[in-house]
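A.B. asks: Sharing model_39.pdb (PDB, C-alpha atoms and all ligand atoms) below.
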ATOM      1  CA  MET U 194     102.665  99.446  74.410
ATOM      2  CA  LYS U 195     105.636  99.451  76.697
ATOM      3  CA  ILE U 196     106.562  97.769  79.946
ATOM      4  CA  ILE U 197     108.020  99.910  82.692
ATOM      5  CA  CYS U 198     109.773  98.031  85.487
ATOM      6  CA  ILE U 199     110.719  99.192  88.943
ATOM      7  CA  GLY U 200     113.879  97.848  90.561
ATOM      8  CA  ARG U 201     114.759  97.844  94.267
ATOM      9  CA  ASN U 202     111.304  98.616  95.630
ATOM     10  CA  TYR U 203     111.433  96.207  98.610
ATOM     11  CA  ASP U 204     114.076  96.420 101.349
ATOM     12  CA  ASP U 205     114.353  92.643 101.822
ATOM     13  CA  HIS U 206     115.217  92.170  98.123
ATOM     14  CA  ILE U 207     117.682  95.096  98.146
ATOM     15  CA  ASP U 208     119.450  93.325 101.015
ATOM     16  CA  GLU U 209     119.542  89.895  99.381
ATOM     17  CA  LEU U 210     121.281  91.291  96.279
ATOM     18  CA  LYS U 211     123.445  93.596  98.434
ATOM     19  CA  ASN U 212     122.265  96.645  96.478
ATOM     20  CA  LYS U 213     122.080 100.199  97.791
ATOM     21  CA  ARG U 214     118.708 101.577  98.905
ATOM     22  CA  PRO U 215     117.789 104.059  96.141
ATOM     23  CA  THR U 216     116.736 107.643  96.854
ATOM     24  CA  SER U 217     114.315 107.597  93.901
ATOM     25  CA  PRO U 218     112.770 104.605  92.089
ATOM     26  CA  VAL U 219     115.057 102.578  89.826
ATOM     27  CA  ILE U 220     113.297 102.389  86.444
ATOM     28  CA  PHE U 221     114.001 100.315  83.335
ATOM     29  CA  LEU U 222     111.970  99.248  80.299
ATOM     30  CA  LYS U 223     111.137  96.048  78.470
ATOM     31  CA  PRO U 224     109.866  96.096  74.871
ATOM     32  CA  GLU U 225     106.600  94.482  73.810
ATOM     33  CA  THR U 226     108.616  91.560  72.357
ATOM     34  CA  ALA U 227     109.540  90.582  75.936
ATOM     35  CA  ILE U 228     105.996  89.380  76.633
ATOM     36  CA  ILE U 229     105.492  85.610  76.779
ATOM     37  CA  LEU U 230     102.654  84.626  74.455
ATOM     38  CA  LYS U 231      99.553  83.067  76.000
ATOM     39  CA  LYS U 232      99.949  79.383  76.938
ATOM     40  CA  HIS U 233     103.639  79.417  75.968
ATOM     41  CA  PRO U 234     106.303  78.196  78.392
ATOM     42  CA  PHE U 235     109.295  80.240  79.525
ATOM     43  CA  PHE U 236     112.209  79.196  77.312
ATOM     44  CA  ILE U 237     115.537  79.414  79.136
ATOM     45  CA  PRO U 238     117.830  81.340  76.736
ATOM     46  CA  ASP U 239     121.173  79.758  75.866
ATOM     47  CA  TYR U 240     123.167  82.922  76.668
ATOM     48  CA  SER U 241     122.555  82.650  80.396
ATOM     49  CA  ASN U 242     123.382  80.045  83.022
ATOM     50  CA  GLU U 243     121.494  81.829  85.756
ATOM     51  CA  ILE U 244     117.983  83.002  84.948
ATOM     52  CA  HIS U 245     116.161  84.249  88.043
ATOM     53  CA  TYR U 246     112.426  84.561  88.659
ATOM     54  CA  GLU U 247     111.096  87.776  90.253
ATOM     55  CA  VAL U 248     107.381  87.825  91.040
ATOM     56  CA  GLU U 249     105.820  91.302  90.836
ATOM     57  CA  VAL U 250     102.450  93.026  91.132
ATOM     58  CA  LEU U 251     101.430  94.648  87.830
ATOM     59  CA  ILE U 252      99.392  97.712  86.941
ATOM     60  CA  LYS U 253      97.742  98.278  83.571
ATOM     61  CA  ILE U 254      97.437 101.908  82.456
ATOM     62  CA  LYS U 255      94.030 102.864  81.048
ATOM     63  CA  LYS U 256      94.492 106.560  80.210
ATOM     64  CA  LEU U 257      97.085 108.745  78.511
ATOM     65  CA  GLY U 258      99.079 110.702  81.061
ATOM     66  CA  LYS U 259     102.242 112.683  81.685
ATOM     67  CA  SER U 260     103.605 114.218  84.912
ATOM     68  CA  ILE U 261     100.711 112.774  86.888
ATOM     69  CA  ASP U 262     100.200 114.061  90.417
ATOM     70  CA  SER U 263     100.124 111.010  92.710
ATOM     71  CA  LYS U 264      96.759 112.089  94.127
ATOM     72  CA  PHE U 265      95.287 111.470  90.661
ATOM     73  CA  SER U 266      97.253 108.277  89.909
ATOM     74  CA  HIS U 267      94.312 106.056  90.846
ATOM     75  CA  THR U 268      92.325 107.433  87.887
ATOM     76  CA  TYR U 269      94.925 106.011  85.469
ATOM     77  CA  TYR U 270      94.386 102.310  86.213
ATOM     78  CA  ASP U 271      91.587  99.854  86.900
ATOM     79  CA  GLU U 272      93.342  96.520  86.621
ATOM     80  CA  ILE U 273      95.843  94.734  88.811
ATOM     81  CA  GLY U 274      97.862  91.730  87.723
ATOM     82  CA  LEU U 275     100.790  89.563  88.686
ATOM     83  CA  GLY U 276     103.768  88.543  86.598
ATOM     84  CA  ILE U 277     107.394  87.496  86.538
ATOM     85  CA  ASP U 278     110.316  89.723  85.608
ATOM     86  CA  PHE U 279     112.679  87.012  84.314
ATOM     87  CA  THR U 280     116.269  88.169  84.716
ATOM     88  CA  ALA U 281     119.556  86.809  83.371
ATOM     89  CA  ARG U 282     121.301  87.443  86.690
ATOM     90  CA  ASP U 283     124.759  86.371  85.480
ATOM     91  CA  LEU U 284     124.596  88.833  82.571
ATOM     92  CA  GLN U 285     123.116  91.560  84.762
ATOM     93  CA  SER U 286     125.907  91.217  87.333
ATOM     94  CA  GLU U 287     128.494  91.560  84.554
ATOM     95  CA  LEU U 288     126.729  94.621  83.080
ATOM     96  CA  LYS U 289     126.320  96.245  86.513
ATOM     97  CA  LYS U 290     129.985  95.688  87.303
ATOM     98  CA  ASN U 291     130.950  97.478  84.097
ATOM     99  CA  GLY U 292     128.434 100.293  84.524
ATOM    100  CA  LEU U 293     126.552  99.238  81.375
ATOM    101  CA  PRO U 294     122.800  99.251  80.641
ATOM    102  CA  TRP U 295     120.816  96.213  81.839
ATOM    103  CA  GLU U 296     118.671  95.558  78.756
ATOM    104  CA  LYS U 297     120.370  92.372  77.572
ATOM    105  CA  SER U 298     119.711  90.806  80.971
ATOM    106  CA  LYS U 299     116.226  92.196  81.567
ATOM    107  CA  ALA U 300     114.484  92.972  78.286
ATOM    108  CA  PHE U 301     115.167  89.865  76.194
ATOM    109  CA  ASP U 302     112.441  87.954  74.333
ATOM    110  CA  GLY U 303     110.260  86.101  76.817
ATOM    111  CA  SER U 304     111.499  88.003  79.862
ATOM    112  CA  ALA U 305     108.043  89.286  80.854
ATOM    113  CA  LEU U 306     105.280  87.034  82.078
ATOM    114  CA  ILE U 307     101.956  88.848  82.414
ATOM    115  CA  GLY U 308      99.230  86.867  84.152
ATOM    116  CA  LYS U 309      95.531  87.589  84.191
ATOM    117  CA  TRP U 310      94.020  90.946  85.089
ATOM    118  CA  VAL U 311      91.533  91.631  87.867
ATOM    119  CA  ASN U 312      89.579  94.820  88.534
ATOM    120  CA  LYS U 313      91.121  96.769  91.423
ATOM    121  CA  ASN U 314      87.715  97.021  93.098
ATOM    122  CA  GLU U 315      88.022  93.336  93.954
ATOM    123  CA  PHE U 316      90.659  94.267  96.526
ATOM    124  CA  ASN U 317      90.015  96.125  99.756
ATOM    125  CA  ASP U 318      93.366  97.845  99.912
ATOM    126  CA  LEU U 319      95.950  97.963  97.108
ATOM    127  CA  ASN U 320      98.588  98.920  99.667
ATOM    128  CA  ASN U 321      98.030  95.646 101.487
ATOM    129  CA  LEU U 322      98.082  92.974  98.771
ATOM    130  CA  ILE U 323      99.618  89.702  99.840
ATOM    131  CA  PHE U 324     101.214  87.930  96.882
ATOM    132  CA  SER U 325     103.365  84.867  96.390
ATOM    133  CA  LEU U 326     105.181  82.680  93.915
ATOM    134  CA  HIS U 327     105.185  78.909  94.130
ATOM    135  CA  LYS U 328     107.846  76.868  92.372
ATOM    136  CA  ASN U 329     106.991  73.217  91.876
ATOM    137  CA  GLY U 330     104.289  73.527  94.524
ATOM    138  CA  LYS U 331     106.479  75.176  97.172
ATOM    139  CA  SER U 332     106.314  78.833  98.142
ATOM    140  CA  VAL U 333     109.575  80.587  97.168
ATOM    141  CA  GLN U 334     108.601  84.272  97.300
ATOM    142  CA  SER U 335     105.987  86.133  99.235
ATOM    143  CA  GLY U 336     105.427  89.833  99.621
ATOM    144  CA  ASN U 337     102.999  92.513 100.658
ATOM    145  CA  THR U 338     102.587  95.761  98.712
ATOM    146  CA  PHE U 339     102.568  97.463 102.130
ATOM    147  CA  ASN U 340     106.363  96.982 102.099
ATOM    148  CA  MET U 341     107.003  98.821  98.839
ATOM    149  CA  LEU U 342     109.390 101.756  99.196
ATOM    150  CA  TRP U 343     107.182 103.582  96.663
ATOM    151  CA  SER U 344     103.466 102.792  96.470
ATOM    152  CA  ILE U 345     101.591 102.133  93.224
ATOM    153  CA  ASP U 346     100.309 105.723  93.105
ATOM    154  CA  GLU U 347     103.751 107.173  93.806
ATOM    155  CA  LEU U 348     105.294 104.981  91.111
ATOM    156  CA  ILE U 349     102.798 106.134  88.471
ATOM    157  CA  SER U 350     103.600 109.739  89.331
ATOM    158  CA  GLU U 351     107.353 109.167  89.234
ATOM    159  CA  VAL U 352     107.376 107.083  86.030
ATOM    160  CA  SER U 353     105.154 109.583  84.201
ATOM    161  CA  LYS U 354     107.667 112.382  84.822
ATOM    162  CA  PHE U 355     110.002 110.652  82.382
ATOM    163  CA  PHE U 356     107.755 108.545  80.144
ATOM    164  CA  THR U 357     104.307 109.461  78.840
ATOM    165  CA  LEU U 358     102.005 106.658  79.910
ATOM    166  CA  LYS U 359      99.730 105.275  77.217
ATOM    167  CA  ILE U 360      96.681 103.027  77.302
ATOM    168  CA  GLY U 361      97.786  99.424  77.738
ATOM    169  CA  ASP U 362     101.217 100.157  79.204
ATOM    170  CA  VAL U 363     102.142  97.830  82.055
ATOM    171  CA  ILE U 364     104.121  98.670  85.188
ATOM    172  CA  PHE U 365     106.043  95.943  87.035
ATOM    173  CA  THR U 366     106.230  97.267  90.597
ATOM    174  CA  GLY U 367     109.286  95.397  91.920
ATOM    175  CA  THR U 368     110.005  92.108  93.622
ATOM    176  CA  PRO U 369     110.314  91.091  97.281
ATOM    177  CA  SER U 370     113.056  88.731  98.519
ATOM    178  CA  GLY U 371     113.340  85.065  97.610
ATOM    179  CA  VAL U 372     114.448  85.401  93.979
ATOM    180  CA  GLY U 373     116.186  82.310  92.655
ATOM    181  CA  LYS U 374     117.244  80.214  89.719
ATOM    182  CA  VAL U 375     114.957  78.840  87.022
ATOM    183  CA  ASN U 376     115.675  75.252  85.972
ATOM    184  CA  GLU U 377     114.189  73.229  83.134
ATOM    185  CA  ASN U 378     110.697  71.893  83.791
ATOM    186  CA  ASP U 379     109.998  74.121  86.770
ATOM    187  CA  LEU U 380     106.355  75.003  87.318
ATOM    188  CA  PHE U 381     105.650  78.555  88.511
ATOM    189  CA  GLU U 382     102.303  79.630  89.959
ATOM    190  CA  GLY U 383     101.509  83.138  91.156
ATOM    191  CA  PHE U 384      98.895  84.241  93.680
ATOM    192  CA  ILE U 385      97.446  87.459  95.084
ATOM    193  CA  ASN U 386      95.426  86.945  98.253
ATOM    194  CA  GLU U 387      95.245  83.176  97.473
ATOM    195  CA  LYS U 388      93.752  83.786  94.013
ATOM    196  CA  GLN U 389      95.788  82.292  91.152
ATOM    197  CA  PHE U 390      96.997  84.751  88.497
ATOM    198  CA  PHE U 391      99.275  82.557  86.395
ATOM    199  CA  SER U 392     100.782  79.139  85.883
ATOM    200  CA  ILE U 393     103.774  78.582  83.604
ATOM    201  CA  LYS U 394     106.442  75.965  82.982
ATOM    202  CA  SER U 395     110.068  76.528  82.012
ATOM    203  CA  LYS U 396     111.726  74.677  79.140
TER
HETATM  204 MG    MG B   1     112.212  92.994  88.941
END
Any chance you could give the structure as structure tokens?
C.D. replies:
Amino acid sequence: MKIICIGRNYDDHIDELKNKRPTSPVIFLKPETAIILKKHPFFIPDYSNEIHYEVEVLIKIKKLGKSIDSKFSHTYYDEIGLGIDFTARDLQSELKKNGLPWEKSKAFDGSALIGKWVNKNEFNDLNNLIFSLHKNGKSVQSGNTFNMLWSIDELISEVSKFFTLKIGDVIFTGTPSGVGKVNENDLFEGFINEKQFFSIKSK
């Protein structure tokens, strides 16, 4: 399986990092080795002094597809999740400045937290999901999928132009504002519509 991540999909986050608003979705990949194993903590890697958390709504692909028309995108997924795209922001800033690929800062071992999965039928409207991240019991990020520049169905269509989607692939749909630094012994808890999707500590 592969993990496809969307960057710059919420205006408020584009502004906080002073990035340009893209004219098409920003897409990057994480390998399967990026996934944090069940019940494991997030280990802060020694090559970064500034790991950021980015909470994101996730989609799990259930059917093989390529060049999917967005009106059929909904037939390619049943499950919705929530996760964290852990980012070595110091490394990423250096790579961006030099026009180099982001992988070292985005796709490292343990950079992808994938919480539990819930059937999409449990939600009334996937374009109006309220989600949040709590750090040590305090809300640090909150978003609504209504504010995505590209909706879930549009993202599936766009991504599948470039990458064949396979069963089990996961799409990280982008983060809202409020990203910040991970310190040792932080506790992160993620919620969609008040329902808890994950809980993880950093070490
Ligand atoms: Mg992200």
A.B. asks: Between range 216-320 of chain U and range 329-348 of chain U, at 7 Å or less, what are the per-residue closest atom pairs and their distances in Å? Count all atoms listed in the file, order by chain and rising residue number, and return it as CSV.
C.D. replies:
residue,atom,partner,partner_atom,distance
U:Ser263,CA,U:Asp346,CA,5.3
U:Ser266,CA,U:Asp346,CA,5.1
U:His267,CA,U:Asp346,CA,6.4
U:Asn320,CA,U:Phe339,CA,4.9
A.B. asks: Show me which residues sit within 9 Å of ligand MG 1 (chain B) when counting only C-alpha atoms and all ligand atoms, and put them as a PyMOL selection string.
C.D. replies: chain U and resi 198-202+246-249+277-280+299+365-369
A.B. asks: Calculate how many Å separate CA of Val311 in chain U from CA of Phe356 in chain U, rounding to one decimal.
C.D. replies: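 Going from CA of Val311 in chain U over to CA of Phe356 in chain U covers 24.7 Å.
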A.B. asks: Using only C-alpha atoms, which residues sit within 6 Å of range 373-376 of chain U once same-chain residues fewer than 2 positions away are excluded, as a PyMOL selection string?
C.D. replies: chain U and resi 244-246+379
A.B. asks: Can you tell me how far CA of Lys354 in chain U sits from CA of Phe390 in chain U, in Å to one decimal?
C.D. replies: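 CA of Lys354 in chain U sits 29.8 Å away from CA of Phe390 in chain U.
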A.B. asks: Do you know which residues the PyMOL selection byres (((chain U and resi 229) around 9) and not hetatm) returns on this file, as a list of chain:residue names?
C.D. replies: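 That expression, the PyMOL selection byres (((chain U and resi 229) around 9) and not hetatm), corresponds here to U:Thr226, U:Ala227, U:Ile228, U:Leu230, U:Lys231, U:Lys232, U:His233, U:Pro234, U:Phe235, U:Asp302, U:Gly303, U:Ser304, U:Ala305, U:Leu306, U:Ile307.
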A.B. asks: Using the chain letters and numbers from this file, what does the PyMOL selection byres (((chain U and resi 196) around 7) and not hetatm) select? Give the answer as a list in words.
C.D. replies: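 Applying the expression gives Met194, Lys195, Ile197, Cys198, Leu222, Lys223, Pro224, Glu225, Asp362, Val363 and Ile364 of chain U.
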A.B. asks: If you apply the PyMOL selection byres (((chain U and resi 253) around 8) and not hetatm) to this file, what residues do you get, as a list in words?
C.D. replies: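 Applying the expression gives Leu251, Ile252, Ile254, Lys255, Tyr270, Asp271, Glu272, Ile273, Gly274, Ile360, Gly361, Asp362, Val363 and Ile364 of chain U.
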A.B. asks: List every protein, DNA or RNA residue that has at least one atom no more than 9 Å from (117.7, 76.3, 81.8) in the file's coordinates, counting all atoms listed in the file, and write the result as a VMD selection string.
C.D. replies: chain U and resid 236 to 239 241 to 244 374 to 378 395 to 396
A.B. asks: Give me a file of those residues, with C-alpha atoms, as a short mmCIF file (atom, residue, chain, number, x, y, z; two decimals), keeping the file's coordinate frame.
C.D. replies:
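Printed below is result_12.cif as written:
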data_model
loop_
_atom_site.label_atom_id
_atom_site.label_comp_id
_atom_site.auth_asym_id
_atom_site.auth_seq_id
_atom_site.Cartn_x
_atom_site.Cartn_y
_atom_site.Cartn_z
CA PHE U 236 112.21 79.20 77.31
CA ILE U 237 115.54 79.41 79.14
CA PRO U 238 117.83 81.34 76.74
CA ASP U 239 121.17 79.76 75.87
CA SER U 241 122.56 82.65 80.40
CA ASN U 242 123.38 80.04 83.02
CA GLU U 243 121.49 81.83 85.76
CA ILE U 244 117.98 83.00 84.95
CA LYS U 374 117.24 80.21 89.72
CA VAL U 375 114.96 78.84 87.02
CA ASN U 376 115.68 75.25 85.97
CA GLU U 377 114.19 73.23 83.13
CA ASN U 378 110.70 71.89 83.79
CA SER U 395 110.07 76.53 82.01
CA LYS U 396 111.73 74.68 79.14
#
A.B. asks: Taking all atoms of range 225-236 of chain U that the file lists and extending 6 Å past them on each side, where is the centre of the axis-aligned box and how long are its edges? Answer in Å to one decimal, as JSON.
C.D. replies:
{"center_x": 105.9, "center_y": 86.3, "center_z": 75.9, "size_x": 24.7, "size_y": 28.3, "size_z": 19.2}
A.B. asks: To one decimal in Å, tell me the separation between CA of Glu287 in chain U and CA of Lys211 in chain U.
C.D. replies: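 CA of Lys211 in chain U lies at a distance of 14.9 Å from CA of Glu287 in chain U.
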A.B. asks: Considering only C-alpha atoms, state which residue in the set U:Asn312, U:Asn212, U:Ser286, U:Ser370 is at the smallest distance from Ser325 in chain U.
C.D. replies: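 Ranked by minimum distance to Ser325 in chain U, first place goes to U:Ser370.
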A.B. asks: For a quick check of your reading of the model, name the residues lying within 6 Å of the coordinate (104.3, 74.9, 86.7), counting all atoms listed in the file, and write them as a ChimeraX atom specification.
C.D. replies: /U:379-381,392-394
A.B. asks: Those same residues, written as a CSV table (one decimal), keeping the file's coordinate frame with C-alpha atoms?
C.D. replies:
chain,number,residue,atom,x,y,z
U,379,ASP,CA,110.0,74.1,86.8
U,380,LEU,CA,106.4,75.0,87.3
U,381,PHE,CA,105.6,78.6,88.5
U,392,SER,CA,100.8,79.1,85.9
U,393,ILE,CA,103.8,78.6,83.6
U,394,LYS,CA,106.4,76.0,83.0
A.B. asks: Under the rule that only C-alpha atoms are counted, which of U:Lys359, U:Arg282, U:Lys297, U:Lys388 is the nearest residue to Lys259 in chain U?
C.D. replies: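 Closest to Lys259 in chain U of all the choices is U:Lys359.
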